[in-house]
file run.json (JSON, C-alpha atoms)
[["chain", "number", "residue", "atom", "x", "y", "z"],
["V", 621, "MET", "CA", -43.07, -51.80, -8.87],
["V", 622, "ARG", "CA", -44.81, -49.19, -10.95],
["V", 623, "THR", "CA", -44.39, -46.58, -8.19],
["V", 624, "THR", "CA", -40.69, -47.32, -7.90],
["V", 625, "ALA", "CA", -40.16, -46.96, -11.63],
["V", 626, "LEU", "CA", -42.12, -43.72, -11.73],
["V", 627, "SER", "CA", -40.13, -42.30, -8.83],
["V", 628, "ALA", "CA", -36.85, -43.21, -10.51],
["V", 629, "LEU", "CA", -37.96, -41.62, -13.78],
["V", 630, "LEU", "CA", -38.99, -38.42, -11.96],
["V", 631, "ALA", "CA", -35.69, -38.26, -10.10],
["V", 632, "LEU", "CA", -33.78, -38.65, -13.38],
["V", 633, "ALA", "CA", -35.80, -35.88, -14.99],
["V", 634, "LEU", "CA", -35.18, -33.51, -12.11],
["V", 635, "ALA", "CA", -31.47, -34.28, -12.11],
["V", 636, "SER", "CA", -31.22, -33.54, -15.83],
["V", 637, "CYS", "CA", -32.81, -30.13, -15.29],
["V", 638, "GLY", "CA", -30.24, -29.18, -12.65],
["V", 639, "ASP", "CA", -30.65, -26.67, -9.83],
["V", 640, "PRO", "CA", -31.38, -23.05, -10.66],
["V", 641, "ALA", "CA", -28.21, -21.04, -11.00],
["V", 642, "VAL", "CA", -27.17, -19.33, -7.77],
["V", 643, "ASP", "CA", -26.47, -15.62, -8.02],
["V", 644, "PRO", "CA", -22.86, -15.31, -6.78],
["V", 645, "THR", "CA", -23.46, -11.75, -5.59],
["V", 646, "THR", "CA", -25.81, -13.11, -2.91],
["V", 647, "LEU", "CA", -23.24, -15.48, -1.39],
["V", 648, "GLU", "CA", -21.35, -14.75, 1.81],
["V", 649, "ASP", "CA", -18.31, -16.86, 0.94],
["V", 650, "CYS", "CA", -16.63, -16.48, -2.45],
["V", 651, "ARG", "CA", -14.25, -19.39, -2.00],
["V", 652, "GLY", "CA", -14.77, -22.54, -4.06],
["V", 653, "LEU", "CA", -16.60, -20.79, -6.90],
["V", 654, "ASP", "CA", -15.55, -20.74, -10.52],
["V", 655, "GLU", "CA", -13.37, -17.76, -11.36],
["V", 656, "THR", "CA", -16.05, -15.54, -12.89],
["V", 657, "ASP", "CA", -18.44, -16.09, -9.99],
["V", 658, "ALA", "CA", -15.68, -15.69, -7.41],
["V", 659, "TYR", "CA", -14.81, -12.23, -8.72],
["V", 660, "ALA", "CA", -18.47, -11.17, -8.94],
["V", 661, "CYS", "CA", -19.03, -12.43, -5.41],
["V", 662, "SER", "CA", -15.96, -10.53, -4.18],
["V", 663, "GLU", "CA", -17.22, -7.25, -5.59],
["V", 664, "ALA", "CA", -20.54, -7.69, -3.81],
["V", 665, "ARG", "CA", -18.90, -8.65, -0.52],
["V", 666, "PHE", "CA", -16.68, -5.56, -0.70],
["V", 667, "TRP", "CA", -19.67, -3.25, -0.54],
["V", 668, "VAL", "CA", -21.31, -5.26, 2.24],
["V", 669, "ALA", "CA", -18.17, -5.06, 4.40],
["V", 670, "PHE", "CA", -17.19, -1.53, 3.41],
["V", 671, "GLN", "CA", -20.62, -0.07, 4.06],
["V", 672, "HIS", "CA", -23.06, -2.23, 5.96],
["V", 673, "GLU", "CA", -21.25, -4.78, 8.11],
["V", 674, "ARG", "CA", -17.96, -3.34, 9.28],
["V", 675, "ASP", "CA", -17.36, -6.36, 11.51],
["V", 676, "GLN", "CA", -16.91, -8.26, 8.23],
["V", 677, "ARG", "CA", -14.06, -6.09, 6.95],
["V", 678, "LEU", "CA", -11.25, -8.26, 8.29],
["V", 679, "PRO", "CA", -12.76, -11.62, 7.28],
["V", 680, "VAL", "CA", -13.66, -10.31, 3.82],
["V", 681, "TYR", "CA", -10.13, -8.95, 3.41],
["V", 682, "ALA", "CA", -8.76, -12.41, 4.24],
["V", 683, "MET", "CA", -11.24, -14.01, 1.86],
["V", 684, "PHE", "CA", -10.02, -11.80, -0.99],
["V", 685, "GLY", "CA", -6.55, -13.26, -0.47],
["V", 686, "ASP", "CA", -7.91, -16.81, -0.65],
["V", 687, "VAL", "CA", -9.89, -16.06, -3.81],
["V", 688, "LEU", "CA", -6.89, -14.49, -5.54],
["V", 689, "GLU", "CA", -4.67, -17.42, -4.57],
["V", 690, "GLU", "CA", -7.26, -20.00, -5.56],
["V", 691, "HIS", "CA", -7.49, -18.64, -9.10],
["V", 692, "ALA", "CA", -3.86, -17.57, -9.60],
["V", 693, "PRO", "CA", -2.53, -16.60, -12.04],
["V", 694, "GLY", "CA", -6.02, -16.04, -13.44],
["V", 695, "ASP", "CA", -7.69, -16.36, -16.80],
["V", 696, "PRO", "CA", -6.33, -13.59, -19.08],
["V", 697, "ALA", "CA", -9.87, -13.02, -20.31],
["V", 698, "LEU", "CA", -10.80, -12.04, -16.75],
["V", 699, "SER", "CA", -7.85, -9.78, -16.03],
["V", 700, "ALA", "CA", -9.99, -6.69, -15.40],
["V", 701, "GLU", "CA", -12.22, -8.60, -12.98],
["V", 702, "ARG", "CA", -9.18, -10.05, -11.19],
["V", 703, "GLY", "CA", -7.60, -6.60, -11.11],
["V", 704, "ASN", "CA", -10.74, -5.28, -9.46],
["V", 705, "VAL", "CA", -10.35, -7.74, -6.58],
["V", 706, "PHE", "CA", -6.81, -6.44, -5.98],
["V", 707, "PHE", "CA", -8.16, -2.88, -6.14],
["V", 708, "ARG", "CA", -10.95, -3.63, -3.68],
["V", 709, "ARG", "CA", -8.55, -5.38, -1.31],
["V", 710, "GLY", "CA", -6.32, -2.31, -1.40],
["V", 711, "GLN", "CA", -9.27, -0.02, -0.68],
["V", 712, "LEU", "CA", -10.49, -2.27, 2.12],
["V", 713, "GLY", "CA", -6.99, -2.42, 3.58],
["V", 714, "MET", "CA", -6.90, 1.38, 3.70],
["V", 715, "ALA", "CA", -10.32, 1.48, 5.37],
["V", 716, "ILE", "CA", -9.29, -1.12, 7.94],
["V", 717, "ALA", "CA", -6.09, 0.71, 8.81],
["V", 718, "LEU", "CA", -7.93, 4.03, 9.10],
["V", 719, "GLU", "CA", -11.23, 3.10, 10.69],
["V", 720, "GLU", "CA", -11.04, -0.25, 12.46],
["V", 721, "HIS", "CA", -8.61, 0.50, 15.32],
["V", 722, "VAL", "CA", -6.43, -2.53, 14.64],
["V", 723, "GLY", "CA", -3.47, -1.08, 16.48],
["V", 724, "GLY", "CA", -0.06, -2.26, 15.38],
["V", 725, "ASP", "CA", -1.64, -4.46, 12.72],
["V", 726, "ALA", "CA", -2.48, -1.32, 10.72],
["V", 727, "ILE", "CA", 1.02, -1.31, 9.24],
["V", 728, "THR", "CA", 0.43, -4.82, 7.87],
["V", 729, "TYR", "CA", -2.60, -3.64, 5.95],
["V", 730, "ILE", "CA", -0.93, -0.42, 4.82],
["V", 731, "ALA", "CA", 2.12, -2.30, 3.55],
["V", 732, "GLN", "CA", -0.07, -4.40, 1.25],
["V", 733, "VAL", "CA", -2.04, -1.49, -0.25],
["V", 734, "GLY", "CA", 0.69, -0.35, -2.64],
["V", 735, "PRO", "CA", 1.39, -3.83, -4.06],
["V", 736, "ASP", "CA", -2.34, -4.47, -4.46],
["V", 737, "PHE", "CA", -2.82, -1.24, -6.40],
["V", 738, "ASP", "CA", 0.25, -2.00, -8.52],
["V", 739, "GLU", "CA", -1.15, -5.42, -9.41],
["V", 740, "ALA", "CA", -4.57, -3.93, -10.11],
["V", 741, "GLU", "CA", -3.02, -1.44, -12.52],
["V", 742, "VAL", "CA", -1.15, -4.18, -14.40],
["V", 743, "LEU", "CA", -4.28, -6.29, -14.74],
["V", 744, "ASP", "CA", -6.72, -3.45, -15.39],
["V", 745, "PRO", "CA", -4.94, -0.37, -16.80],
["V", 746, "ASP", "CA", -8.31, 1.12, -17.77],
["V", 747, "ASN", "CA", -9.42, 1.50, -14.14],
["V", 748, "PHE", "CA", -9.82, 5.27, -14.31],
["V", 749, "ILE", "CA", -9.99, 5.88, -10.57],
["V", 750, "LEU", "CA", -6.95, 3.82, -9.63],
["V", 751, "VAL", "CA", -4.40, 6.58, -10.29],
["V", 752, "SER", "CA", -5.63, 8.76, -7.44],
["V", 753, "TRP", "CA", -5.96, 5.93, -4.94],
["V", 754, "LYS", "CA", -2.50, 4.66, -5.75],
["V", 755, "ALA", "CA", -0.97, 8.13, -5.55],
["V", 756, "SER", "CA", -2.79, 8.95, -2.31],
["V", 757, "MET", "CA", -1.35, 5.93, -0.55],
["V", 758, "ALA", "CA", 2.16, 6.58, -1.84],
["V", 759, "ILE", "CA", 2.01, 10.28, -0.92],
["V", 760, "ALA", "CA", 0.82, 9.44, 2.59],
["V", 761, "VAL", "CA", 3.61, 6.92, 3.14],
["V", 762, "ALA", "CA", 6.25, 9.34, 1.86],
["V", 763, "HIS", "CA", 4.97, 12.15, 4.07],
["V", 764, "VAL", "CA", 4.60, 10.23, 7.31],
["V", 765, "THR", "CA", 8.09, 8.78, 6.85],
["V", 766, "GLY", "CA", 9.50, 12.30, 6.53],
["V", 767, "ASP", "CA", 10.16, 12.50, 2.79],
["V", 768, "ASN", "CA", 8.12, 15.48, 1.62],
["V", 769, "ASP", "CA", 10.26, 15.84, -1.50],
["V", 770, "GLU", "CA", 9.10, 12.39, -2.55],
["V", 771, "ALA", "CA", 5.52, 13.25, -1.66],
["V", 772, "VAL", "CA", 5.69, 16.27, -3.96],
["V", 773, "ARG", "CA", 7.28, 14.20, -6.72],
["V", 774, "LEU", "CA", 4.48, 11.66, -6.45],
["V", 775, "TYR", "CA", 1.87, 14.41, -6.67],
["V", 776, "ASP", "CA", 3.67, 15.83, -9.72],
["V", 777, "GLU", "CA", 3.61, 12.40, -11.31],
["V", 778, "ALA", "CA", -0.10, 11.90, -10.71],
["V", 779, "GLU", "CA", -1.29, 15.42, -11.48],
["V", 780, "ALA", "CA", -1.43, 15.21, -15.27],
["V", 781, "ARG", "CA", -3.22, 11.85, -15.23],
["V", 782, "ILE", "CA", -5.74, 13.14, -12.71],
["V", 783, "ALA", "CA", -6.35, 16.30, -14.74],
["V", 784, "ALA", "CA", -7.11, 14.12, -17.77],
["V", 785, "ASP", "CA", -9.89, 12.30, -15.86],
["V", 786, "PRO", "CA", -10.82, 14.57, -12.96],
["V", 787, "LEU", "CA", -14.36, 13.54, -12.00],
["V", 788, "GLY", "CA", -13.56, 10.93, -9.38],
["V", 789, "ASN", "CA", -9.82, 11.44, -9.19],
["V", 790, "VAL", "CA", -9.72, 15.03, -7.91],
["V", 791, "PRO", "CA", -11.75, 14.31, -4.75],
["V", 792, "SER", "CA", -10.00, 10.97, -4.29],
["V", 793, "ILE", "CA", -6.49, 12.42, -4.11],
["V", 794, "SER", "CA", -7.38, 15.77, -2.56],
["V", 795, "GLY", "CA", -8.29, 14.42, 0.86],
["V", 796, "THR", "CA", -4.74, 13.16, 1.33],
["V", 797, "ALA", "CA", -2.72, 15.77, -0.55],
["V", 798, "ILE", "CA", -4.42, 18.72, 1.14],
["V", 799, "GLY", "CA", -2.77, 17.72, 4.42],
["V", 800, "LEU", "CA", 0.79, 18.24, 3.21],
["V", 801, "PRO", "CA", 2.65, 21.31, 4.52],
["V", 802, "LEU", "CA", 1.75, 24.56, 2.79],
["V", 803, "ALA", "CA", 5.45, 25.06, 2.09],
["V", 804, "THR", "CA", 5.36, 22.15, -0.37],
["V", 805, "GLY", "CA", 2.89, 24.07, -2.54],
["V", 806, "VAL", "CA", 0.74, 20.96, -2.92],
["V", 807, "PRO", "CA", -2.30, 22.14, -0.92],
["V", 808, "GLN", "CA", -2.46, 25.27, -3.08],
["V", 809, "ARG", "CA", -2.28, 23.13, -6.22],
["V", 810, "VAL", "CA", -5.06, 20.93, -4.86],
["V", 811, "ILE", "CA", -7.24, 24.02, -4.41],
["V", 812, "ALA", "CA", -6.48, 25.11, -7.97],
["V", 813, "ALA", "CA", -7.59, 21.67, -9.21],
["V", 814, "ILE", "CA", -10.79, 21.92, -7.15],
["V", 815, "ASP", "CA", -11.50, 25.40, -8.49],
["V", 816, "ALA", "CA", -11.28, 23.99, -12.02],
["V", 817, "TRP", "CA", -13.28, 20.87, -11.17],
["V", 818, "THR", "CA", -16.93, 20.44, -12.07],
["V", 819, "CYS", "CA", -19.09, 17.57, -10.94],
["V", 820, "THR", "CA", -21.13, 16.39, -13.89],
["V", 821, "GLY", "CA", -22.03, 13.02, -15.31],
["V", 822, "ALA", "CA", -22.19, 11.00, -12.10],
["V", 823, "ASP", "CA", -25.11, 10.27, -9.79],
["V", 824, "PHE", "CA", -23.20, 11.43, -6.71],
["V", 825, "CYS", "CA", -23.01, 14.92, -8.20],
["V", 826, "GLU", "CA", -26.77, 15.34, -7.91],
["V", 827, "ARG", "CA", -28.06, 12.95, -5.27],
["V", 828, "ASN", "CA", -27.18, 10.60, -2.46],
["V", 829, "THR", "CA", -26.61, 7.14, -3.93],
["V", 830, "GLU", "CA", -26.70, 3.50, -2.93],
["V", 831, "HIS", "CA", -22.94, 3.33, -2.42],
["V", 832, "ALA", "CA", -22.63, 6.90, -1.13],
["V", 833, "PRO", "CA", -25.79, 7.49, 0.94],
["V", 834, "TRP", "CA", -24.31, 10.74, 2.33],
["V", 835, "ALA", "CA", -22.68, 12.00, -0.87],
["V", 836, "LEU", "CA", -24.24, 15.47, -0.82],
["V", 837, "PRO", "CA", -23.58, 16.57, 2.77],
["V", 838, "GLY", "CA", -20.34, 14.59, 2.86],
["V", 839, "MET", "CA", -18.81, 16.03, -0.30],
["V", 840, "ALA", "CA", -19.71, 19.58, 0.68],
["V", 841, "PHE", "CA", -17.93, 19.07, 4.00],
["V", 842, "HIS", "CA", -15.02, 17.46, 2.12],
["V", 843, "TRP", "CA", -14.51, 20.72, 0.22],
["V", 844, "ALA", "CA", -15.07, 22.90, 3.29],
["V", 845, "ASP", "CA", -12.26, 21.05, 5.06],
["V", 846, "HIS", "CA", -9.96, 21.72, 2.11],
["V", 847, "TYR", "CA", -10.60, 25.44, 1.93],
["V", 848, "ALA", "CA", -10.21, 25.70, 5.70],
["V", 849, "ARG", "CA", -6.79, 24.11, 5.31],
["V", 850, "VAL", "CA", -5.63, 27.02, 3.12],
["V", 851, "GLY", "CA", -7.38, 29.72, 5.16],
["V", 852, "ASP", "CA", -10.16, 30.66, 2.75],
["V", 853, "ARG", "CA", -12.89, 31.56, 5.23],
["V", 854, "ASP", "CA", -15.61, 32.64, 2.80],
["V", 855, "THR", "CA", -15.44, 29.50, 0.68],
["V", 856, "THR", "CA", -15.20, 27.31, 3.76],
["V", 857, "VAL", "CA", -18.38, 28.79, 5.20],
["V", 858, "ALA", "CA", -20.15, 28.54, 1.83],
["V", 859, "TYR", "CA", -19.43, 24.81, 1.66],
["V", 860, "LEU", "CA", -20.41, 24.28, 5.28],
["V", 861, "GLU", "CA", -23.73, 25.96, 4.56],
["V", 862, "ALA", "CA", -24.13, 23.84, 1.40],
["V", 863, "SER", "CA", -23.58, 20.72, 3.48],
["V", 864, "LYS", "CA", -26.18, 21.81, 6.03],
["V", 865, "ALA", "CA", -28.68, 22.50, 3.24],
["V", 866, "ALA", "CA", -27.99, 19.20, 1.44],
["V", 867, "GLU", "CA", -30.50, 16.38, 1.19],
["V", 868, "GLY", "CA", -30.08, 13.95, 4.07],
["V", 869, "PHE", "CA", -28.21, 16.33, 6.36],
["V", 870, "ASP", "CA", -30.66, 15.97, 9.24],
["V", 871, "GLU", "CA", -30.11, 12.18, 9.29],
["V", 872, "TRP", "CA", -26.37, 12.31, 8.51],
["V", 873, "PRO", "CA", -24.38, 10.79, 11.39],
["V", 874, "TRP", "CA", -21.60, 13.39, 11.07],
["V", 875, "ARG", "CA", -23.73, 16.54, 10.94],
["V", 876, "ASN", "CA", -22.12, 17.69, 14.20],
["V", 877, "LEU", "CA", -18.89, 18.36, 12.26],
["V", 878, "VAL", "CA", -20.69, 20.97, 10.19],
["V", 879, "ASP", "CA", -22.73, 22.38, 13.05],
["V", 880, "ASP", "CA", -19.63, 22.81, 15.21],
["V", 881, "ALA", "CA", -17.64, 24.45, 12.40],
["V", 882, "LEU", "CA", -20.47, 26.84, 11.56],
["V", 883, "ALA", "CA", -20.87, 27.75, 15.21],
["V", 884, "ASP", "CA", -17.29, 29.09, 15.21],
["V", 885, "PRO", "CA", -15.72, 29.22, 11.73],
["V", 886, "ASP", "CA", -12.72, 31.15, 12.98],
["V", 887, "ALA", "CA", -11.83, 28.42, 15.46],
["V", 888, "TYR", "CA", -12.27, 25.82, 12.72],
["V", 889, "LEU", "CA", -9.81, 27.66, 10.46],
["V", 890, "ALA", "CA", -7.45, 28.47, 13.31],
["V", 891, "LYS", "CA", -6.57, 24.84, 13.99],
["V", 892, "PHE", "CA", -5.10, 24.68, 10.49],
["V", 893, "ALA", "CA", -3.49, 28.12, 10.60],
["V", 894, "GLU", "CA", -1.65, 27.19, 13.79],
["V", 895, "ARG", "CA", 0.43, 24.69, 11.80],
["V", 896, "GLY", "CA", 2.01, 27.51, 9.80],
["V", 897, "ASP", "CA", 3.71, 26.94, 6.45],
["V", 898, "GLU", "CA", 5.94, 24.07, 7.51],
["V", 899, "GLY", "CA", 3.57, 22.06, 9.66],
["V", 900, "SER", "CA", 1.58, 19.02, 8.55],
["V", 901, "ALA", "CA", -2.21, 18.91, 8.73],
["V", 902, "PHE", "CA", -2.43, 15.16, 8.18],
["V", 903, "ASP", "CA", -3.79, 14.64, 11.66],
["V", 904, "LEU", "CA", -6.36, 17.43, 11.25],
["V", 905, "VAL", "CA", -8.02, 16.74, 7.90],
["V", 906, "TYR", "CA", -11.16, 14.65, 8.22],
["V", 907, "ALA", "CA", -10.00, 12.20, 5.52],
["V", 908, "ASN", "CA", -7.38, 10.81, 7.91],
["V", 909, "GLN", "CA", -9.80, 10.32, 10.82],
["V", 910, "ASP", "CA", -11.55, 7.09, 11.74],
["V", 911, "TYR", "CA", -14.59, 8.25, 9.77],
["V", 912, "GLY", "CA", -12.71, 9.21, 6.60],
["V", 913, "CYS", "CA", -14.54, 6.68, 4.42],
["V", 914, "VAL", "CA", -17.83, 6.22, 6.17],
["V", 915, "ILE", "CA", -18.54, 9.96, 6.25],
["V", 916, "CYS", "CA", -20.00, 9.45, 2.75],
["V", 917, "HIS", "CA", -20.30, 5.68, 2.45],
["V", 918, "ALA", "CA", -21.89, 4.49, 5.69],
["V", 919, "PRO", "CA", -25.38, 3.00, 5.31]]

call {"tool": "encode", "arguments": {"input": "run.json", "output": "structure tokens"}}
result
Amino acid sequence: MRTTALSALLALALASCGDPAVDPTTLEDCRGLDETDAYACSEARFWVAFQHERDQRLPVYAMFGDVLEEHAPGDPALSAERGNVFFRRGQLGMAIALEEHVGGDAITYIAQVGPDFDEAEVLDPDNFILVSWKASMAIAVAHVTGDNDEAVRLYDEAEARIAADPLGNVPSISGTAIGLPLATGVPQRVIAAIDAWTCTGADFCERNTEHAPWALPGMAFHWADHYARVGDRDTTVAYLEASKAAEGFDEWPWRNLVDDALADPDAYLAKFAERGDEGSAFDLVYANQDYGCVICHAP
């Protein structure tokens, strides 16, 4: 009798203490959580799928939809956090369409990117990097559907906002815009923005980071590709050499891109020059290849 009473008292005490709080960023499934935890969990799962476990990209994308629906329309106090989930779903949708070889389903993901970025902007207008991601997607759609005038208009529209906050926005839009025909004048304007751009105040400017483990060799190649697009051989070679000298280059999975270009810089530039003033380089620039994201962000 005494033992039974003692056991009951102990069970009651333990129940009143409750279980230790579970860190939502360690969970694999963000469904069924309260709104704050669901959004924190979603941010963590984005980076897992985007970087480390690419086989999780499609299921995590679907999970984002469930989380957003589960908490719709969302607590106004959490609008920025909810907006971030829309932003991450848009980014993941772009990565899936570009890198995951989903065939005809790519258009389904691409079609949702614009609406996701629009919703993210409404919910979180202070997301400083959103302008370039949103513009990049819109410019790409306009160009591949044959409306270069609209692509130029979209670049015009984004240019002033990007210039006001260039650190992350210049490299984010440049990879897409640099592929437009030279006759549009946009690639030349991209180069002018790069020439005026300085990388200060962010970790990725000085070192490889957790979320961009190949930032230094990758970004240097990013710029080399851009200057090759406009035929600037000296600057192209300088950035290729900077990539080769960067920390982590010897372990970088895409070092062959730099080695091959340095082995024959003229051939590297020639593939762009062959397109002339009117031709598109969308299919040539690295940013539109199936390693466009992971070139910097792979684990």

call {"tool": "residues_near_point", "arguments": {"input": "run.json", "point": "(-24.4, 14.5, 3.9)", "cutoff": "12 Å", "atoms": "only C-alpha atoms", "output": "JSON, numbers by chain"}}
result
{"V": [824, 827, 828, 829, 832, 833, 834, 835, 836, 837, 838, 839, 840, 841, 842, 859, 860, 861, 862, 863, 864, 865, 866, 867, 868, 869, 870, 871, 872, 873, 874, 875, 876, 877, 878, 914, 915, 916, 917, 918, 919]}

call {"tool": "write_last_selection", "arguments": {"input": "run.json", "atoms": "C-alpha atoms", "output": "compact mmCIF listing (two decimals), in the coordinates of the input"}}
result
# COMPACT_ATOMS: atom_id res chain seq x y z
CA PHE V 824 -23.20 11.43 -6.71
CA ARG V 827 -28.06 12.95 -5.27
CA ASN V 828 -27.18 10.60 -2.46
CA THR V 829 -26.61 7.14 -3.93
CA ALA V 832 -22.63 6.90 -1.13
CA PRO V 833 -25.79 7.49 0.94
CA TRP V 834 -24.31 10.74 2.33
CA ALA V 835 -22.68 12.00 -0.87
CA LEU V 836 -24.24 15.47 -0.82
CA PRO V 837 -23.58 16.57 2.77
CA GLY V 838 -20.34 14.59 2.86
CA MET V 839 -18.81 16.03 -0.30
CA ALA V 840 -19.71 19.58 0.68
CA PHE V 841 -17.93 19.07 4.00
CA HIS V 842 -15.02 17.46 2.12
CA TYR V 859 -19.43 24.81 1.66
CA LEU V 860 -20.41 24.28 5.28
CA GLU V 861 -23.73 25.96 4.56
CA ALA V 862 -24.13 23.84 1.40
CA SER V 863 -23.58 20.72 3.48
CA LYS V 864 -26.18 21.81 6.03
CA ALA V 865 -28.68 22.50 3.24
CA ALA V 866 -27.99 19.20 1.44
CA GLU V 867 -30.50 16.38 1.19
CA GLY V 868 -30.08 13.95 4.07
CA PHE V 869 -28.21 16.33 6.36
CA ASP V 870 -30.66 15.97 9.24
CA GLU V 871 -30.11 12.18 9.29
CA TRP V 872 -26.37 12.31 8.51
CA PRO V 873 -24.38 10.79 11.39
CA TRP V 874 -21.60 13.39 11.07
CA ARG V 875 -23.73 16.54 10.94
CA ASN V 876 -22.12 17.69 14.20
CA LEU V 877 -18.89 18.36 12.26
CA VAL V 878 -20.69 20.97 10.19
CA VAL V 914 -17.83 6.22 6.17
CA ILE V 915 -18.54 9.96 6.25
CA CYS V 916 -20.00 9.45 2.75
CA HIS V 917 -20.30 5.68 2.45
CA ALA V 918 -21.89 4.49 5.69
CA PRO V 919 -25.38 3.00 5.31

call {"tool": "closest_residue", "arguments": {"input": "run.json", "among": "V:Ala907, V:Leu678, V:Val857, V:Ala669", "to": "Val722 (chain V)", "atoms": "all atoms listed in the file"}}
result
V:Leu678

call {"tool": "closest_atom_pairs", "arguments": {"input": "run.json", "of": "region 666-785 of chain V", "to": "region 882-899 of chain V", "cutoff": "12 Å", "atoms": "only C-alpha atoms", "output": "tab-separated table"}}
result
residue	atom	partner	partner_atom	distance
V:His763	CA	V:Gly899	CA	11.5
V:Gly766	CA	V:Gly899	CA	11.8
V:Asn768	CA	V:Glu898	CA	10.6

call {"tool": "atom_distance", "arguments": {"input": "run.json", "atom1": "CA of Gly703 (chain V)", "atom2": "CA of Asn908 (chain V)"}}
result
25.8 Å

call {"tool": "residues_near_point", "arguments": {"input": "run.json", "point": "(-14.6, -3.3, 6.9)", "cutoff": "10 Å", "atoms": "all atoms listed in the file", "output": "ChimeraX atom specification"}}
result
/V:666-681,711-717,719-720

call {"tool": "write_last_selection", "arguments": {"input": "run.json", "atoms": "C-alpha atoms", "output": "PDB file, in the frame of the given file"}}
result
ATOM      1  CA  PHE V 666     -16.680  -5.560  -0.700  1.00  0.00           C
ATOM      2  CA  TRP V 667     -19.670  -3.250  -0.540  1.00  0.00           C
ATOM      3  CA  VAL V 668     -21.310  -5.260   2.240  1.00  0.00           C
ATOM      4  CA  ALA V 669     -18.170  -5.060   4.400  1.00  0.00           C
ATOM      5  CA  PHE V 670     -17.190  -1.530   3.410  1.00  0.00           C
ATOM      6  CA  GLN V 671     -20.620  -0.070   4.060  1.00  0.00           C
ATOM      7  CA  HIS V 672     -23.060  -2.230   5.960  1.00  0.00           C
ATOM      8  CA  GLU V 673     -21.250  -4.780   8.110  1.00  0.00           C
ATOM      9  CA  ARG V 674     -17.960  -3.340   9.280  1.00  0.00           C
ATOM     10  CA  ASP V 675     -17.360  -6.360  11.510  1.00  0.00           C
ATOM     11  CA  GLN V 676     -16.910  -8.260   8.230  1.00  0.00           C
ATOM     12  CA  ARG V 677     -14.060  -6.090   6.950  1.00  0.00           C
ATOM     13  CA  LEU V 678     -11.250  -8.260   8.290  1.00  0.00           C
ATOM     14  CA  PRO V 679     -12.760 -11.620   7.280  1.00  0.00           C
ATOM     15  CA  VAL V 680     -13.660 -10.310   3.820  1.00  0.00           C
ATOM     16  CA  TYR V 681     -10.130  -8.950   3.410  1.00  0.00           C
ATOM     17  CA  GLN V 711      -9.270  -0.020  -0.680  1.00  0.00           C
ATOM     18  CA  LEU V 712     -10.490  -2.270   2.120  1.00  0.00           C
ATOM     19  CA  GLY V 713      -6.990  -2.420   3.580  1.00  0.00           C
ATOM     20  CA  MET V 714      -6.900   1.380   3.700  1.00  0.00           C
ATOM     21  CA  ALA V 715     -10.320   1.480   5.370  1.00  0.00           C
ATOM     22  CA  ILE V 716      -9.290  -1.120   7.940  1.00  0.00           C
ATOM     23  CA  ALA V 717      -6.090   0.710   8.810  1.00  0.00           C
ATOM     24  CA  GLU V 719     -11.230   3.100  10.690  1.00  0.00           C
ATOM     25  CA  GLU V 720     -11.040  -0.250  12.460  1.00  0.00           C
TER      26      GLU V 720
END

call {"tool": "closest_residue", "arguments": {"input": "run.json", "among": "V:Pro801, V:Pro786, V:Gly795, V:Gly734", "to": "Ala813 (chain V)", "atoms": "all atoms listed in the file"}}
result
V:Pro786

call {"tool": "atom_distance", "arguments": {"input": "run.json", "atom1": "CA of Trp843 (chain V)", "atom2": "CA of Glu779 (chain V)"}}
result
18.4 Å
